[in-house]
Each structure stands twice: as C-alpha cells, then as structure tokens.
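Asks: My structure is below; once you've seen it, I'll send some questions.
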Amino acid sequence: MAIHDFTSQRVYVDAPLSAGAGVACTPEQVNYLVNVLRMKAGAALLVFNGRDGEWRAVLEPVSKKAAVLWIEAQTRAQSDGPDVEYLFAPLKHARLDYMVQKATEMGVKRLRPVLTRRTIAERVNLERMRANVIEAAEQCGILRVPEVAEPQKLGAVLDAWDAARTLIFCDEGAEIANPVAALREVAIGPVAVLIGPEGGFSDEERDLIRGKAFTRPLSLGPRILRADTAAVAALAVVNATLGDWT
C-alpha cells in the first residue's frame, strides 16, 4: 500500500487548517485549479501548510478569479523530517532551482545560501527559492516546508555557528575516503551540510572551515561532482547514516 495519496491534487496554503475552516485560494491557485485543471465545485484535493498536517478539502469556485477550499478531515498528522540544515553557495537559475527542489525532497529543515569567494551568483532570488520549495513539497508528498534563510557570508555563518550542530562540509581532501565510514564517527544529533561553489572553497576558506571544532570533512568519492549533484549525494549519505533513513 502506498504511504501517500499521489492520485489527488495537493496544494500548499499559508493558513491554519482545521475541520470546517474555509481557506481562500490565491489568484495563482484559482487559475491553476479552475482554469488549467478544470476542477469543478465539490472536487476533492489535499492541502497542507507545513504545520497542521495534511487535510482533505473540497473546492468551491466563487467566480472566475476566486475560490475557497473547505477543509473537511485530516488525512495525515504533522510529521517532521531529520534535523538537517543545508548550506550552499548559490548557483544560477535552473541549476539552483533543481538543487532547492531536491534538497526539499530530501527533507531538509532549512535552506541557507552562503556567499563564498568563488560564489558565481551573489544575488539570490529568495521568492523564487520559496516557490521552488513549495512546488517540490506539493509534488513529493512531504509535510514539512523548509525555511529559506537570507544569504550570509561564509565567515559570518561560521562566527555565529551553534557548536551543538555538527557542520559536515564536502571536501575532496577529506582524510577518510569512504563517506559512510566518515559519518559513523559523527554523533547522532543536529547536523548541517555545506556544499561549496563550482570552483570549490579557496585555500583560506577551507582552512577556516577545518579550523572549527564543530566541522567534519566529507568526501563524496573519487569523482568531482557538480554542486547540484553533490547536494543530492551528500544529503543522501547523511540521511542514510545520521538522518531518518536509518
């Protein structure tokens, strides 16, 4: 039996959810549900807000540009994923979209853009990132919607770091070549994964990161991976050893 219902349309709403509540659709949702999908009055769908679980709702079109979702019953209680934050040097356009979507699917708690010396795209469109987070959450059935943080410079991030959260940074020079073996030496608890820019960290940045007691280097094997590929690989091995895949 499937864990999630992937046959019903699923919609994120930024409103409290409870039986009998009515939630007004955004203009974009009205256009998609009524005009694109041609959903009629009384059509059933699933809604979630990242806080109150998943609920069955029915659609009530009010006009060509307005509709209400009437909340009926909860289908799944709220559940959270692993306590994993994802830090990354921003990429450009489509590759950043892909990386954000995949990190969301992997269940990360928070997305944190980090500006490094070799970061290509220093201007980060946070609204576009949030839109990609929501789209990925709607499509893959997760209930937690990751927070999207403001960009920060690498030095500022490290200076303000909570040492209780282990920072795992991808480093081709890691002493232990096997990533699973390396992560077995990390205590179970809050963690974060840091992926550098396309050109890698500078020598100064790498020394700065390695000099912190809360960091652990992680090799991703003998091949050099693109940043968006490295994100999926790193989050997968972290989930398998320290996250909720165990």
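Each chain in the structure tokens gets a letter, A, B, ..., in the order shown, and its residues are numbered from 1; ligands are numbered from 1 in order too.
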Could you list, as a short mmCIF file (atom, residue, chain, number, x, y, z; two decimals) with C-alpha atoms, in the first residue's frame, every residue within 6 Å of A:Lys153, counting only C-alpha atoms and ignoring same-chain residues fewer than 2 positions away?

Replies:
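Result went into part_23.cif, see below:
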```cif
data_model
loop_
_atom_site.label_atom_id
_atom_site.label_comp_id
_atom_site.auth_asym_id
_atom_site.auth_seq_id
_atom_site.Cartn_x
_atom_site.Cartn_y
_atom_site.Cartn_z
CA VAL A 114 26.20 31.09 1.81
CA LEU A 115 28.38 33.56 -0.08
CA GLY A 155 32.78 33.99 7.73
CA ALA A 156 29.67 35.39 9.40
#
```

Asks: Wanna dump the stretch 88-205 of chain A-stretch 30-48 of chain A contacts at 12 Å for me, each residue with its shortest atom pair and the distance in Å to one decimal, counting only C-alpha atoms, ordered by chain and number, as a Markdown table?

Replies:
```
| residue | atom | partner | partner_atom | distance |
| --- | --- | --- | --- | --- |
| A:Ile134 | CA | A:Phe48 | CA | 10.4 |
| A:Ala137 | CA | A:Phe48 | CA | 9.5 |
| A:Glu138 | CA | A:Phe48 | CA | 8.5 |
| A:Gln139 | CA | A:Leu46 | CA | 11.3 |
| A:Gly141 | CA | A:Phe48 | CA | 9.7 |
| A:Ile142 | CA | A:Phe48 | CA | 9.3 |
| A:Leu143 | CA | A:Phe48 | CA | 6.8 |
| A:Arg144 | CA | A:Phe48 | CA | 9.0 |
| A:Val145 | CA | A:Phe48 | CA | 9.5 |
```

Asks: Just to be explicit: take each residue in the selection above, keep N, CA and C atoms, and write the result as a CSV table (one decimal), in the first residue's frame.

Replies:
```csv
chain,number,residue,atom,x,y,z
A,134,ILE,N,8.0,25.1,-2.2
A,134,ILE,CA,6.6,24.8,-2.2
A,134,ILE,C,6.2,23.8,-3.3
A,137,ALA,N,7.5,20.4,-2.4
A,137,ALA,CA,6.7,19.8,-1.3
A,137,ALA,C,5.4,19.3,-1.7
A,138,GLU,N,4.7,20.1,-2.6
A,138,GLU,CA,3.4,19.7,-3.1
A,138,GLU,C,3.5,18.4,-3.9
A,139,GLN,N,4.6,18.3,-4.7
A,139,GLN,CA,4.7,17.1,-5.6
A,139,GLN,C,5.1,15.8,-5.0
A,141,GLY,N,4.9,14.9,-1.6
A,141,GLY,CA,4.1,14.4,-0.5
A,141,GLY,C,4.6,14.7,0.9
A,142,ILE,N,5.7,15.5,1.0
A,142,ILE,CA,6.2,15.8,2.4
A,142,ILE,C,5.3,16.8,3.1
A,143,LEU,N,5.4,16.9,4.4
A,143,LEU,CA,4.5,17.8,5.2
A,143,LEU,C,5.3,19.0,5.7
A,144,ARG,N,6.6,18.8,5.9
A,144,ARG,CA,7.4,19.9,6.4
A,144,ARG,C,7.9,20.8,5.2
A,145,VAL,N,7.8,22.1,5.3
A,145,VAL,CA,8.2,23.0,4.3
A,145,VAL,C,9.5,23.7,4.8
```

Asks: Where in stretch 2-246 of chain A does DSSP assign alpha helix (DSSP H), given as a PyMOL selection string?

Replies: chain A and resi 27-30+93-105+126-140+154-159+179-183+203-210+227-241

Asks: Write a file of the selected residues as a PDB file, in the first residue's frame, keeping C-alpha atoms.

Replies:
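So the final result, stored in again.pdb, reads:
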```pdb
ATOM      1  CA  PRO A  27      -5.188  34.053  -7.740  1.00  0.00           C
ATOM      2  CA  GLU A  28      -2.469  31.686  -8.965  1.00  0.00           C
ATOM      3  CA  GLN A  29      -4.168  28.709  -7.307  1.00  0.00           C
ATOM      4  CA  VAL A  30      -7.547  29.672  -8.758  1.00  0.00           C
ATOM      5  CA  HIS A  93      18.861  29.932 -12.438  1.00  0.00           C
ATOM      6  CA  ALA A  94      17.805  26.405 -13.431  1.00  0.00           C
ATOM      7  CA  ARG A  95      20.547  24.605 -11.519  1.00  0.00           C
ATOM      8  CA  LEU A  96      19.676  26.478  -8.335  1.00  0.00           C
ATOM      9  CA  ASP A  97      16.006  25.611  -8.879  1.00  0.00           C
ATOM     10  CA  TYR A  98      16.932  21.946  -9.218  1.00  0.00           C
ATOM     11  CA  MET A  99      19.135  21.963  -6.132  1.00  0.00           C
ATOM     12  CA  VAL A 100      16.483  23.644  -3.978  1.00  0.00           C
ATOM     13  CA  GLN A 101      13.818  21.193  -5.133  1.00  0.00           C
ATOM     14  CA  LYS A 102      15.982  18.133  -4.460  1.00  0.00           C
ATOM     15  CA  ALA A 103      17.077  19.368  -1.032  1.00  0.00           C
ATOM     16  CA  THR A 104      13.399  19.864  -0.167  1.00  0.00           C
ATOM     17  CA  GLU A 105      12.573  16.341  -1.317  1.00  0.00           C
ATOM     18  CA  LEU A 126      14.552  34.226  -2.243  1.00  0.00           C
ATOM     19  CA  GLU A 127      10.966  34.354  -3.505  1.00  0.00           C
ATOM     20  CA  ARG A 128      11.889  32.076  -6.398  1.00  0.00           C
ATOM     21  CA  MET A 129      13.593  29.728  -3.954  1.00  0.00           C
ATOM     22  CA  ARG A 130      10.487  29.631  -1.746  1.00  0.00           C
ATOM     23  CA  ALA A 131       8.300  28.946  -4.774  1.00  0.00           C
ATOM     24  CA  ASN A 132      10.517  26.001  -5.699  1.00  0.00           C
ATOM     25  CA  VAL A 133      10.382  24.696  -2.130  1.00  0.00           C
ATOM     26  CA  ILE A 134       6.578  24.777  -2.151  1.00  0.00           C
ATOM     27  CA  GLU A 135       6.324  23.157  -5.588  1.00  0.00           C
ATOM     28  CA  ALA A 136       8.634  20.330  -4.526  1.00  0.00           C
ATOM     29  CA  ALA A 137       6.735  19.808  -1.262  1.00  0.00           C
ATOM     30  CA  GLU A 138       3.400  19.689  -3.112  1.00  0.00           C
ATOM     31  CA  GLN A 139       4.657  17.124  -5.609  1.00  0.00           C
ATOM     32  CA  CYS A 140       6.588  14.732  -3.381  1.00  0.00           C
ATOM     33  CA  LEU A 154      30.774  32.270   4.998  1.00  0.00           C
ATOM     34  CA  GLY A 155      32.785  33.992   7.731  1.00  0.00           C
ATOM     35  CA  ALA A 156      29.673  35.388   9.395  1.00  0.00           C
ATOM     36  CA  VAL A 157      27.991  31.980   9.288  1.00  0.00           C
ATOM     37  CA  LEU A 158      30.940  30.291  10.992  1.00  0.00           C
ATOM     38  CA  ASP A 159      31.332  33.038  13.597  1.00  0.00           C
ATOM     39  CA  PRO A 179      31.733   8.883   3.298  1.00  0.00           C
ATOM     40  CA  VAL A 180      29.708   6.335   5.260  1.00  0.00           C
ATOM     41  CA  ALA A 181      32.725   5.449   7.388  1.00  0.00           C
ATOM     42  CA  ALA A 182      33.434   9.152   7.978  1.00  0.00           C
ATOM     43  CA  LEU A 183      29.878   9.860   9.126  1.00  0.00           C
ATOM     44  CA  ASP A 203      42.516  27.653   0.457  1.00  0.00           C
ATOM     45  CA  GLU A 204      41.819  30.315   3.086  1.00  0.00           C
ATOM     46  CA  GLU A 205      38.148  29.321   3.343  1.00  0.00           C
ATOM     47  CA  ARG A 206      38.991  25.652   3.570  1.00  0.00           C
ATOM     48  CA  ASP A 207      41.490  26.323   6.372  1.00  0.00           C
ATOM     49  CA  LEU A 208      38.897  28.485   8.137  1.00  0.00           C
ATOM     50  CA  ILE A 209      36.271  25.745   7.992  1.00  0.00           C
ATOM     51  CA  ARG A 210      38.676  22.994   9.032  1.00  0.00           C
ATOM     52  CA  ALA A 227      27.393  21.388  -6.944  1.00  0.00           C
ATOM     53  CA  ASP A 228      23.780  20.357  -7.603  1.00  0.00           C
ATOM     54  CA  THR A 229      24.792  16.696  -7.936  1.00  0.00           C
ATOM     55  CA  ALA A 230      26.916  16.924  -4.790  1.00  0.00           C
ATOM     56  CA  ALA A 231      23.895  18.222  -2.888  1.00  0.00           C
ATOM     57  CA  VAL A 232      21.863  15.106  -3.650  1.00  0.00           C
ATOM     58  CA  ALA A 233      24.785  12.770  -2.948  1.00  0.00           C
ATOM     59  CA  ALA A 234      25.718  14.408   0.350  1.00  0.00           C
ATOM     60  CA  LEU A 235      22.169  14.645   1.676  1.00  0.00           C
ATOM     61  CA  ALA A 236      21.507  11.039   0.715  1.00  0.00           C
ATOM     62  CA  VAL A 237      24.508   9.688   2.615  1.00  0.00           C
ATOM     63  CA  VAL A 238      23.754  11.928   5.619  1.00  0.00           C
ATOM     64  CA  ASN A 239      20.133  10.745   5.743  1.00  0.00           C
ATOM     65  CA  ALA A 240      21.273   7.135   5.435  1.00  0.00           C
ATOM     66  CA  THR A 241      23.708   7.383   8.347  1.00  0.00           C
TER      67      THR A 241
END
```

Asks: Smallest atom-to-atom distance to A:Phe169: which of A:Thr215, A:Gln9, A:Ser202, A:Asn49, using only C-alpha atoms?

Replies: A:Thr215

Asks: Rounded to one decimal, what separation in Å do you get between atom CA of A:Ala89 and atom CA of A:Asn125?

Replies: 13.2 Å

Asks: Neighbouring residues of A:Gly81 were defined as those with any atom within 8 Å, considering only C-alpha atoms; residues of the same chain fewer than 4 positions away were excluded. Please report them as a list in words.

Replies: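 Answer for this query is Gly107, Val108, Lys109, Arg144 and Asp244 of chain A.
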
Asks: Between atom CA of A:Glu150 and atom CA of A:Thr119, what distance in Å does the model show, to one decimal?

Replies: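 Pair atom CA of A:Glu150 / atom CA of A:Thr119 returns 15.3 Å.
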
Asks: Restricting the calculation to only C-alpha atoms, which member of A:Lys64, A:Arg56, A:Arg184, A:Lys212 is positioned closest to A:Cys25?

Replies: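 Counting only C-alpha atoms, the residue closest to A:Cys25 is A:Lys64.
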
Asks: What lies within 10 Å of A:Arg165 using only C-alpha atoms, ignoring chain neighbours under 5 positions off, as a ChimeraX atom specification?

Replies: /A:83-85,187-192,214-215

Asks: Kindly save the residues from that selection, with C-alpha atoms included, as a PDB file, in the first residue's frame.

Replies:
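Written file, out_4.pdb:
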```
ATOM      1  CA  ASP A  83      17.207  17.796  11.840  1.00  0.00           C
ATOM      2  CA  VAL A  84      19.413  18.620   8.861  1.00  0.00           C
ATOM      3  CA  GLU A  85      20.157  22.096   7.551  1.00  0.00           C
ATOM      4  CA  ALA A 187      27.492  11.762  16.936  1.00  0.00           C
ATOM      5  CA  ILE A 188      23.766  11.484  16.235  1.00  0.00           C
ATOM      6  CA  GLY A 189      22.140  14.879  16.644  1.00  0.00           C
ATOM      7  CA  PRO A 190      21.522  18.137  14.779  1.00  0.00           C
ATOM      8  CA  VAL A 191      23.686  18.398  11.672  1.00  0.00           C
ATOM      9  CA  ALA A 192      24.190  20.673   8.684  1.00  0.00           C
ATOM     10  CA  PHE A 214      32.322  21.650  15.083  1.00  0.00           C
ATOM     11  CA  THR A 215      33.158  20.791  11.452  1.00  0.00           C
TER      12      THR A 215
END
```

Asks: Which residues are close to A:Thr26, i.e. within 9 Å by only C-alpha atoms, leaving aside same-chain residues fewer than 5 positions away? Reply as a compact mmCIF listing (two decimals) with C-alpha atoms, in the first residue's frame.

Replies:
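Okay, out_14.txt is ready:
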```txt
# COMPACT_ATOMS: atom_id res chain seq x y z
CA VAL A 13 -1.77 27.04 1.79
CA ASN A 31 -6.08 29.88 -12.24
CA LYS A 65 -10.92 34.71 -10.17
CA ALA A 66 -11.87 33.48 -6.68
CA ALA A 67 -12.37 30.15 -4.94
```

Asks: Could you name the residues that touch A:Ile120 at 8 Å or less, counting only C-alpha atoms, but leaving out those on the same chain fewer than 5 positions away, as a ChimeraX atom specification?

Replies: /A:90-92,197-198

Asks: Go ahead and write the selection's residues with C-alpha atoms as a PDB file, in the first residue's frame.

Replies:
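The result, stored in again_22.pdb:
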```pdb
ATOM      1  CA  PRO A  90      24.126  29.827  -4.756  1.00  0.00           C
ATOM      2  CA  LEU A  91      24.104  28.722  -8.378  1.00  0.00           C
ATOM      3  CA  LYS A  92      22.483  30.343 -11.388  1.00  0.00           C
ATOM      4  CA  PRO A 197      30.751  26.834  -5.080  1.00  0.00           C
ATOM      5  CA  GLU A 198      31.546  25.422  -8.513  1.00  0.00           C
TER       6      GLU A 198
END
```

Asks: Could you tell me which of A:Thr116, A:Gln74, A:Ser63, A:Ser79 comes closest to A:Ala21 if we count only C-alpha atoms?

Replies: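 Looking at the shortest contact to A:Ala21, the residue is A:Gln74.
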